[in-house]
$ cat final_11.cif   # mmCIF, C-alpha atoms
data_structure
#
loop_
_atom_site.label_atom_id
_atom_site.label_comp_id
_atom_site.auth_asym_id
_atom_site.auth_seq_id
_atom_site.Cartn_x
_atom_site.Cartn_y
_atom_site.Cartn_z
CA MET E 171 -12.23 -16.02 -20.00
CA ARG E 172 -14.95 -14.44 -17.90
CA ILE E 173 -13.31 -11.33 -16.46
CA LEU E 174 -14.62 -9.15 -13.64
CA ALA E 175 -13.13 -5.70 -14.19
CA ALA E 176 -12.78 -3.63 -11.03
CA MET E 177 -13.61 -0.10 -12.21
CA SER E 178 -12.68 2.64 -9.74
CA GLY E 179 -13.89 5.47 -11.95
CA GLY E 180 -10.36 6.43 -12.98
CA VAL E 181 -8.64 6.31 -16.33
CA ASP E 182 -6.40 3.31 -15.56
CA SER E 183 -9.18 0.89 -14.66
CA ALA E 184 -11.31 2.09 -17.58
CA VAL E 185 -8.55 1.43 -20.11
CA ALA E 186 -7.73 -1.90 -18.44
CA ALA E 187 -11.36 -2.98 -18.86
CA ALA E 188 -11.32 -1.79 -22.49
CA ARG E 189 -8.21 -3.85 -23.23
CA ALA E 190 -9.81 -6.90 -21.64
CA VAL E 191 -12.78 -6.47 -23.99
CA ASP E 192 -10.45 -6.04 -26.98
CA ALA E 193 -8.68 -9.28 -26.02
CA GLY E 194 -11.96 -11.13 -26.54
CA HIS E 195 -12.83 -11.81 -22.92
CA ASP E 196 -16.36 -11.80 -21.52
CA VAL E 197 -16.08 -8.71 -19.32
CA VAL E 198 -18.34 -7.38 -16.58
CA GLY E 199 -17.57 -4.12 -14.77
CA VAL E 200 -17.95 -3.66 -11.03
CA HIS E 201 -17.43 -0.61 -8.84
CA LEU E 202 -16.74 -1.12 -5.16
CA ALA E 203 -18.69 1.13 -2.81
CA LEU E 204 -16.27 1.41 0.10
CA SER E 205 -17.85 4.30 1.99
CA ARG E 206 -21.27 4.48 3.61
CA ALA E 207 -21.23 8.27 3.21
CA GLY E 208 -23.33 8.13 0.06
CA GLY E 209 -23.00 11.83 -0.69
CA THR E 210 -19.22 11.82 -0.57
CA LEU E 211 -17.77 13.92 -3.38
CA ARG E 212 -14.31 14.04 -4.85
CA THR E 213 -12.17 17.14 -4.32
CA GLY E 214 -9.74 17.37 -7.24
CA SER E 215 -7.29 14.51 -6.92
CA ARG E 216 -8.20 13.72 -3.33
CA GLY E 217 -10.36 10.78 -2.37
CA CYS E 218 -11.66 7.88 -4.40
CA CYS E 219 -14.64 5.52 -4.46
CA THR E 220 -16.96 8.54 -4.29
CA ILE E 221 -20.38 8.88 -5.88
CA GLU E 222 -18.73 10.78 -8.73
CA ASP E 223 -16.27 7.93 -9.26
CA ALA E 224 -19.14 5.43 -9.43
CA MET E 225 -20.85 7.53 -12.11
CA ASP E 226 -17.59 7.83 -14.08
CA ALA E 227 -17.15 4.06 -13.92
CA ARG E 228 -20.71 3.48 -15.15
CA ARG E 229 -20.23 5.85 -18.09
CA ALA E 230 -17.05 4.01 -19.08
CA ALA E 231 -18.80 0.63 -18.87
CA ASP E 232 -21.69 1.92 -20.98
CA LEU E 233 -19.28 3.16 -23.64
CA LEU E 234 -17.53 -0.23 -23.66
CA GLY E 235 -20.88 -2.02 -23.89
CA ILE E 236 -20.35 -4.21 -20.84
CA PRO E 237 -22.67 -4.95 -17.90
CA PHE E 238 -21.95 -2.88 -14.81
CA TYR E 239 -22.71 -3.32 -11.13
CA VAL E 240 -21.94 -1.60 -7.85
CA TRP E 241 -21.05 -3.89 -4.95
CA ASP E 242 -21.23 -2.64 -1.38
CA PHE E 243 -18.01 -3.61 0.40
CA SER E 244 -18.18 -0.72 2.86
CA GLU E 245 -18.58 -2.88 5.98
CA ARG E 246 -15.64 -5.09 5.14
CA PHE E 247 -13.56 -2.06 4.12
CA ARG E 248 -14.30 -0.45 7.48
CA ASP E 249 -13.37 -3.60 9.40
CA ASP E 250 -10.33 -4.70 7.40
CA VAL E 251 -8.80 -1.40 6.32
CA ILE E 252 -10.02 1.59 8.33
CA ASP E 253 -10.22 -0.13 11.72
CA ASP E 254 -6.87 -1.82 11.06
CA PHE E 255 -5.35 1.57 10.22
CA VAL E 256 -6.57 3.05 13.50
CA ALA E 257 -5.47 0.02 15.54
CA GLU E 258 -1.98 0.12 14.03
CA TYR E 259 -1.53 3.80 14.90
CA ARG E 260 -2.80 3.14 18.41
CA ALA E 261 -0.03 0.55 18.70
CA GLY E 262 2.59 3.05 17.56
CA ARG E 263 2.99 1.46 14.14
CA THR E 264 2.88 2.95 10.63
CA PRO E 265 0.51 0.97 8.36
CA ASN E 266 -0.01 1.15 4.60
CA PRO E 267 -3.80 1.15 3.96
CA CYS E 268 -3.38 0.65 0.19
CA MET E 269 -1.65 -2.67 0.82
CA ARG E 270 -4.37 -3.71 3.26
CA CYS E 271 -7.01 -2.83 0.67
CA ASN E 272 -5.28 -4.90 -2.00
CA GLU E 273 -4.73 -7.76 0.42
CA ARG E 274 -8.14 -7.93 2.05
CA ILE E 275 -10.58 -6.22 -0.34
CA LYS E 276 -9.60 -6.25 -4.02
CA PHE E 277 -7.76 -9.56 -4.07
CA ALA E 278 -9.53 -11.33 -1.23
CA ALA E 279 -13.16 -10.26 -0.81
CA LEU E 280 -13.65 -9.22 -4.46
CA LEU E 281 -11.73 -12.11 -5.99
CA GLU E 282 -13.39 -14.65 -3.71
CA ARG E 283 -16.86 -13.45 -4.71
CA ALA E 284 -15.88 -13.32 -8.38
CA LEU E 285 -14.71 -16.95 -8.35
CA GLU E 286 -17.79 -18.05 -6.42
CA ILE E 287 -20.14 -16.71 -9.12
CA GLY E 288 -18.22 -18.12 -12.04
CA PHE E 289 -15.61 -15.59 -13.11
CA ASP E 290 -12.12 -16.76 -14.03
CA ALA E 291 -10.16 -13.67 -13.04
CA VAL E 292 -10.29 -10.11 -11.73
CA CYS E 293 -8.90 -7.31 -13.89
CA THR E 294 -7.56 -4.06 -12.41
CA GLY E 295 -5.73 -0.99 -13.68
CA HIS E 296 -2.60 -1.60 -11.61
CA TYR E 297 0.78 -1.12 -13.24
CA ALA E 298 2.49 -4.49 -12.80
CA THR E 299 3.35 -7.42 -15.04
CA LEU E 300 2.43 -11.08 -14.76
CA VAL E 301 4.75 -13.71 -16.22
CA ASP E 302 3.86 -17.38 -16.57
CA SER E 303 6.98 -19.46 -15.89
CA PRO E 304 7.55 -23.22 -15.54
CA SER E 305 7.28 -22.83 -11.76
CA GLY E 306 4.05 -20.85 -11.89
CA ARG E 307 2.81 -17.32 -12.35
CA GLU E 308 5.18 -14.54 -11.27
CA LEU E 309 4.58 -10.91 -10.34
CA HIS E 310 7.04 -8.46 -11.92
CA ARG E 311 7.54 -4.72 -12.03
CA ALA E 312 5.73 -2.71 -14.71
CA SER E 313 7.49 -1.50 -17.84
CA ASP E 314 6.97 2.10 -16.68
CA GLU E 315 9.15 2.33 -13.56
CA ALA E 316 7.62 5.69 -12.65
CA LYS E 317 4.16 4.11 -12.37
CA ASP E 318 5.19 0.66 -11.11
CA GLN E 319 2.81 -0.60 -8.41
CA SER E 320 4.34 -4.00 -7.74
CA TYR E 321 5.22 -2.86 -4.21
CA VAL E 322 1.57 -2.44 -3.14
CA LEU E 323 0.73 -5.71 -4.89
CA GLY E 324 3.44 -7.59 -3.02
CA VAL E 325 0.80 -8.97 -0.65
CA LEU E 326 -0.73 -11.15 -3.39
CA THR E 327 -0.30 -14.91 -3.11
CA ALA E 328 0.30 -17.47 -5.83
CA ASP E 329 -3.37 -18.51 -5.80
CA GLN E 330 -4.50 -14.90 -6.20
CA LEU E 331 -2.03 -14.19 -8.99
CA ALA E 332 -3.40 -17.19 -10.88
CA HIS E 333 -6.75 -15.37 -11.16
CA THR E 334 -5.50 -11.84 -11.81
CA PHE E 335 -5.18 -9.78 -14.99
CA PHE E 336 -3.13 -6.54 -15.28
CA PRO E 337 -3.58 -5.21 -18.84
CA LEU E 338 -1.51 -2.06 -18.22
CA GLY E 339 1.67 -3.76 -17.04
CA THR E 340 3.60 -3.46 -20.31
CA THR E 341 2.40 0.06 -21.16
CA PRO E 342 5.42 2.37 -21.55
CA SER E 343 3.89 5.38 -19.78
CA LYS E 344 0.76 6.86 -18.22
CA ALA E 345 0.63 9.34 -21.11
CA VAL E 346 -0.02 6.42 -23.46
CA VAL E 347 -2.95 5.30 -21.29
CA ARG E 348 -4.47 8.79 -21.26
CA ALA E 349 -4.07 9.13 -25.02
CA GLU E 350 -5.74 5.75 -25.54
CA ALA E 351 -8.61 6.74 -23.26
CA ALA E 352 -9.12 9.94 -25.26
CA GLU E 353 -9.11 8.01 -28.54
CA ARG E 354 -11.74 5.66 -27.16
CA GLY E 355 -13.92 8.60 -26.09
CA LEU E 356 -13.67 7.83 -22.38
CA THR E 357 -14.60 10.92 -20.36
CA VAL E 358 -12.03 10.04 -17.68
CA ALA E 359 -9.11 10.49 -20.08
CA HIS E 360 -7.83 13.56 -18.25
CA LYS E 361 -9.26 12.91 -14.79
CA PRO E 362 -6.65 13.59 -12.06
CA ASP E 363 -5.09 10.60 -10.35
CA SER E 364 -6.21 10.09 -6.77
CA HIS E 365 -3.58 10.32 -4.06
CA ASP E 366 -3.25 10.31 -0.29
CA ILE E 367 -5.44 8.03 1.81
CA CYS E 368 -8.80 7.50 0.10
CA PHE E 369 -10.85 7.53 3.32
CA ILE E 370 -9.23 10.81 4.45
CA PRO E 371 -10.07 12.94 1.37
CA ASP E 372 -9.01 16.25 2.92
CA GLY E 373 -5.50 14.88 3.51
CA ASP E 374 -5.50 15.80 7.22
CA THR E 375 -4.38 12.45 8.60
CA ARG E 376 -3.36 13.94 11.95
CA GLY E 377 -6.77 15.54 12.50
CA TRP E 378 -8.62 12.42 11.36
CA LEU E 379 -6.61 10.23 13.73
CA ALA E 380 -7.16 12.66 16.60
CA GLU E 381 -10.91 12.12 16.21
CA LYS E 382 -10.58 8.34 16.05
CA VAL E 383 -7.84 7.76 18.61
CA GLY E 384 -8.28 10.79 20.82
CA ALA E 385 -5.72 13.49 21.50
CA GLU E 386 -3.83 13.13 24.77
CA ARG E 387 -0.97 15.39 25.75
CA GLY E 388 2.36 13.64 26.27
CA GLU E 389 6.11 14.16 26.41
CA ILE E 390 8.76 14.29 23.72
CA VAL E 391 12.07 12.98 25.08
CA ASP E 392 15.59 12.52 23.77
CA ARG E 393 17.46 9.20 23.77
CA ASP E 394 18.61 9.82 27.35
CA GLY E 395 15.03 10.30 28.52
CA ALA E 396 15.28 14.06 29.03
CA VAL E 397 12.05 15.92 28.23
CA VAL E 398 12.59 18.28 25.28
CA GLY E 399 9.00 19.07 24.32
CA SER E 400 5.37 17.99 24.40
CA HIS E 401 2.74 16.82 21.95
CA GLU E 402 -1.03 16.47 21.66
CA GLY E 403 -1.05 12.77 20.77
CA ALA E 404 1.65 10.24 19.92
CA HIS E 405 -0.50 8.88 17.08
CA ALA E 406 0.36 11.99 15.05
CA PHE E 407 4.02 11.01 14.74
CA THR E 408 5.92 8.43 12.75
CA VAL E 409 9.54 7.34 12.67
CA GLY E 410 11.69 9.65 10.56
CA GLN E 411 9.42 12.67 10.98
CA ARG E 412 11.11 16.03 11.37
CA ARG E 413 8.40 18.66 10.94
CA GLY E 414 5.82 19.54 13.55
CA LEU E 415 7.85 18.52 16.59
CA GLN E 416 7.75 21.94 18.29
CA LEU E 417 10.63 21.19 20.62
CA GLY E 418 11.26 23.57 23.49
CA VAL E 419 14.86 22.50 24.11
CA PRO E 420 17.39 22.78 21.26
CA ALA E 421 19.83 19.97 20.52
CA SER E 422 23.31 20.42 21.98
CA ASP E 423 24.84 20.26 18.49
CA GLY E 424 22.25 22.63 17.02
CA LYS E 425 21.19 20.09 14.40
CA PRO E 426 17.59 19.07 13.64
CA ARG E 427 16.08 16.15 15.48
CA PHE E 428 13.87 13.41 14.10
CA VAL E 429 11.35 10.98 15.52
CA LEU E 430 13.19 7.77 16.43
CA GLU E 431 10.44 5.90 18.24
CA VAL E 432 6.76 6.16 19.20
CA ARG E 433 5.79 4.57 22.54
CA PRO E 434 1.97 4.37 22.67
CA VAL E 435 1.80 2.76 26.13
CA THR E 436 3.41 5.80 27.76
CA ASN E 437 2.24 8.24 25.05
CA THR E 438 5.87 9.25 24.54
CA VAL E 439 7.74 10.29 21.39
CA VAL E 440 11.53 9.76 21.29
CA VAL E 441 13.64 12.08 19.14
CA GLY E 442 17.30 12.19 18.17
CA PRO E 443 19.82 13.00 15.44
CA LYS E 444 19.33 11.91 11.84
CA ASP E 445 22.13 9.35 11.94
CA ALA E 446 20.22 7.49 14.68
CA LEU E 447 17.60 6.62 12.07
CA ALA E 448 20.05 4.28 10.33
CA THR E 449 18.62 0.75 10.51
CA ALA E 450 20.85 -2.29 10.13
CA GLU E 451 18.18 -5.00 10.27
CA ILE E 452 14.43 -5.48 9.93
CA ALA E 453 12.38 -8.56 10.75
CA GLY E 454 8.81 -9.78 10.76
CA GLU E 455 6.68 -12.84 11.46
CA ARG E 456 3.81 -12.16 9.02
CA TRP E 457 4.76 -12.90 5.43
CA THR E 458 3.37 -14.06 2.09
CA TRP E 459 5.10 -15.25 -1.09
CA ALA E 460 4.06 -14.01 -4.54
CA GLY E 461 4.53 -17.34 -6.28
CA ARG E 462 7.19 -19.89 -5.41
CA ALA E 463 8.58 -19.50 -1.90
CA PRO E 464 12.31 -19.08 -1.37
CA GLU E 465 14.29 -21.91 0.15
CA ARG E 466 14.60 -21.69 3.91
CA GLY E 467 17.87 -20.16 4.94
CA GLU E 468 19.74 -17.18 3.54
CA PHE E 469 19.35 -15.67 0.08
CA ASP E 470 20.25 -12.44 -1.69
CA CYS E 471 17.57 -10.01 -2.83
CA HIS E 472 16.63 -6.37 -3.16
CA VAL E 473 14.22 -4.93 -0.63
CA GLN E 474 11.85 -1.96 -0.84
CA ILE E 475 10.30 -0.53 2.31
CA ARG E 476 8.06 2.20 0.87
CA ALA E 477 5.93 2.53 -2.25
CA HIS E 478 8.26 5.07 -3.85
CA ALA E 479 11.54 4.09 -2.23
CA GLU E 480 14.51 2.78 -4.16
CA PRO E 481 15.07 -0.98 -3.76
CA VAL E 482 18.35 -1.74 -2.01
CA PRO E 483 20.50 -4.90 -2.12
CA ALA E 484 20.20 -7.02 0.99
CA ALA E 485 20.75 -10.42 2.55
CA ALA E 486 17.56 -12.11 3.73
CA ARG E 487 16.91 -15.11 5.92
CA PHE E 488 13.70 -17.15 6.01
CA ASP E 489 13.14 -19.67 8.80
CA ASP E 490 10.60 -20.72 11.42
CA ALA E 491 11.04 -17.40 13.24
CA GLY E 492 10.01 -15.39 10.19
CA VAL E 493 11.92 -13.20 7.74
CA THR E 494 14.99 -11.14 8.62
CA VAL E 495 16.66 -8.71 6.21
CA ARG E 496 20.01 -6.95 6.51
CA PRO E 497 20.56 -4.29 3.83
CA ARG E 498 24.06 -3.83 2.38
CA GLU E 499 23.77 -0.18 3.43
CA PRO E 500 21.55 0.84 6.40
CA PHE E 501 17.98 1.92 5.79
CA ASP E 502 17.07 5.48 6.72
CA GLY E 503 14.18 5.59 9.19
CA VAL E 504 12.11 2.40 9.29
CA ALA E 505 8.90 2.21 11.30
CA PRO E 506 7.27 -0.96 12.64
CA GLY E 507 4.11 -1.61 10.64
CA GLN E 508 5.68 -0.78 7.29
CA THR E 509 5.83 -3.47 4.62
CA ALA E 510 9.08 -4.79 3.20
CA VAL E 511 8.75 -6.21 -0.32
CA LEU E 512 11.53 -8.50 -1.55
CA TYR E 513 12.61 -8.64 -5.20
CA ASP E 514 14.75 -10.88 -7.37
CA GLY E 515 15.49 -8.49 -10.22
CA THR E 516 12.05 -7.35 -11.41
CA ARG E 517 10.28 -10.33 -9.83
CA VAL E 518 8.45 -9.91 -6.54
CA ILE E 519 9.49 -12.69 -4.16
CA GLY E 520 7.06 -11.73 -1.41
CA GLN E 521 6.56 -9.40 1.52
CA PHE E 522 6.45 -9.17 5.29
CA THR E 523 5.23 -6.66 7.84
CA ILE E 524 8.11 -5.13 9.78
CA ASP E 525 7.75 -5.97 13.48
CA ARG E 526 11.29 -5.35 14.71
CA THR E 527 14.20 -3.13 13.75
CA VAL E 528 17.84 -3.01 14.83
CA SER E 529 19.59 0.35 14.80
CA ALA E 530 22.92 0.69 13.05
CA VAL E 531 23.96 3.32 15.60
CA PRO E 532 24.34 2.48 19.31
CA ALA E 533 22.10 4.52 21.60
#

$ encode --input "final_11.cif" --output "C-alpha cells"
Amino acid sequence: MRILAAMSGGVDSAVAAARAVDAGHDVVGVHLALSRAGGTLRTGSRGCCTIEDAMDARRAADLLGIPFYVWDFSERFRDDVIDDFVAEYRAGRTPNPCMRCNERIKFAALLERALEIGFDAVCTGHYATLVDSPSGRELHRASDEAKDQSYVLGVLTADQLAHTFFPLGTTPSKAVVRAEAAERGLTVAHKPDSHDICFIPDGDTRGWLAEKVGAERGEIVDRDGAVVGSHEGAHAFTVGQRRGLQLGVPASDGKPRFVLEVRPVTNTVVVGPKDALATAEIAGERWTWAGRAPERGEFDCHVQIRAHAEPVPAAARFDDAGVTVRPREPFDGVAPGQTAVLYDGTRVIGQFTIDRTVSAVPA
C-alpha cells in the first residue's frame, strides 16, 4: 500500500512510520504545520507542531529513507479547531480540541488530500487497534490501557477507518516504543510527550481565553440565585471546577462548592455542593458511528466522557432525536460540549457531543 505517515516530530509517529516501512509499504512522511507563528519553539513537554518538531520529523524520515514533506494546514486548523474552541467556550461549553483536530484535520483534511493524490491510507502514532470483521473495520482499544487513545479517535467514521493504519495499537507499553526508537537510532527516542492544549503551549488556558473572549466581571451565584462571589469572565470556568472560585460567602454547611453551570448569556457562574454534580442522563444530537451503526432503540454499552475517565456501564437509546445515555451509576460533573464515546467491550461503537444533561439530584 501507499502510506502517508503523519509525523508530528514525536517518538510515537516516528516508530509508527518505521513499522510501516518494515511492513513493506511505500511510505511518505508528512508533517503538518498547524501554526503560522513560524518561530514557535517547544518548551519541554508543552506544545507541539513547532519548528523543532518539524526538524525532528525530518531527521526521522531521513533516517528511515523515506520522502518527507511539510504541509501547511494552519488556516484550516485555525478555522476548525482554534476558532471552534473559542466559540464553544463563549457558549459556556467545554470542548475537546484534540478530538476536533482528529475529526477535522488528521482524518478529514489530511486523509482527503492523501486519497486525492493516490495514497491508500494515513498512518499515525495513535495507540488504538483496528480489527477487520465480517461487518467491516472496527476500532478497538489499544493493548496498553495506560496509553489507549481510542477515546479521542471515537470521532472517526467507517469510511475513515477503512483508510487508516495504527501500527502501535498492539504494542504492550510506551517503554517498548522508546526502546525500539533507540535501537533504530531515532533521536526522538527519549523526547518528552507533549501534553495540554498544543496551541496554548504555556498551559495558561484561562489567560489565553481572556485574550480571545475578553474578560468581563460577573456574578457567582448559588442554586437559589443568591450572589456568593464574583469572577472576571465566565469563560474561565467549567462544570465540576472547585479551585479558583474565590467565594466571598461560605456555604451554610461549611463544605466546598463546585461549578454546576456556566451561563454565558448573563455571564453568571452557578455553584453548589459536590453531590449536585451527579448526572443521571446525557444526550446529544451530533453523533458518528465508528463502523456499523447500532440498531435504533435501546442497547447496553459502556460510556466514557473524558479521555482518561473510566468507562461506566450504561443504557443508551438511539433514535431520530439523537443519542441518550443513562449510566448505571450517575456521572460526576458533566459539561455540555464534552464528548461521550460508547463502547461494546473494547470496540468503539461511536460518539456524540453532549448537548443536554439531567441532574440526579433535584435543585

$ closest_residue --input "final_11.cif" --among "E:Ala316, E:Glu381, E:Arg412, E:Trp457" --to "Ala345 of chain E" --atoms "only C-alpha atoms"
E:Ala316

$ resolve_selection --input "final_11.cif" --expression "the PyMOL selection byres ((chain E and resi 504) around 8)" --output "MDAnalysis selection string"
chainID E and resid 409:410 447 449 475 501:503 505:506 508 527

$ residues_around --input "final_11.cif" --residues "Gly288 of chain E" --least-positions-apart "2" --cutoff "12 Å" --atoms "all atoms listed in the file" --output "MDAnalysis selection string"
chainID E and resid 171:174 196 198 281:286 290:292 333

$ atom_distance --input "final_11.cif" --atom1 "atom CA of Gln474 of chain E" --atom2 "atom CA of Phe247 of chain E"
25.9 Å

$ resolve_selection --input "final_11.cif" --expression "the PyMOL selection byres ((chain E and resi 511-514) around 7)" --output "VMD selection string"
chain E and resid 321 324 471 to 475 509 to 510 515 to 522

$ write_last_selection --input "final_11.cif" --atoms "C-alpha atoms" --output "PDB file, keeping the file's coordinate frame"
ATOM      1  CA  TYR E 321       5.220  -2.860  -4.210  1.00  0.00           C
ATOM      2  CA  GLY E 324       3.440  -7.590  -3.020  1.00  0.00           C
ATOM      3  CA  CYS E 471      17.570 -10.010  -2.830  1.00  0.00           C
ATOM      4  CA  HIS E 472      16.630  -6.370  -3.160  1.00  0.00           C
ATOM      5  CA  VAL E 473      14.220  -4.930  -0.630  1.00  0.00           C
ATOM      6  CA  GLN E 474      11.850  -1.960  -0.840  1.00  0.00           C
ATOM      7  CA  ILE E 475      10.300  -0.530   2.310  1.00  0.00           C
ATOM      8  CA  THR E 509       5.830  -3.470   4.620  1.00  0.00           C
ATOM      9  CA  ALA E 510       9.080  -4.790   3.200  1.00  0.00           C
ATOM     10  CA  GLY E 515      15.490  -8.490 -10.220  1.00  0.00           C
ATOM     11  CA  THR E 516      12.050  -7.350 -11.410  1.00  0.00           C
ATOM     12  CA  ARG E 517      10.280 -10.330  -9.830  1.00  0.00           C
ATOM     13  CA  VAL E 518       8.450  -9.910  -6.540  1.00  0.00           C
ATOM     14  CA  ILE E 519       9.490 -12.690  -4.160  1.00  0.00           C
ATOM     15  CA  GLY E 520       7.060 -11.730  -1.410  1.00  0.00           C
ATOM     16  CA  GLN E 521       6.560  -9.400   1.520  1.00  0.00           C
ATOM     17  CA  PHE E 522       6.450  -9.170   5.290  1.00  0.00           C
TER      18      PHE E 522
END
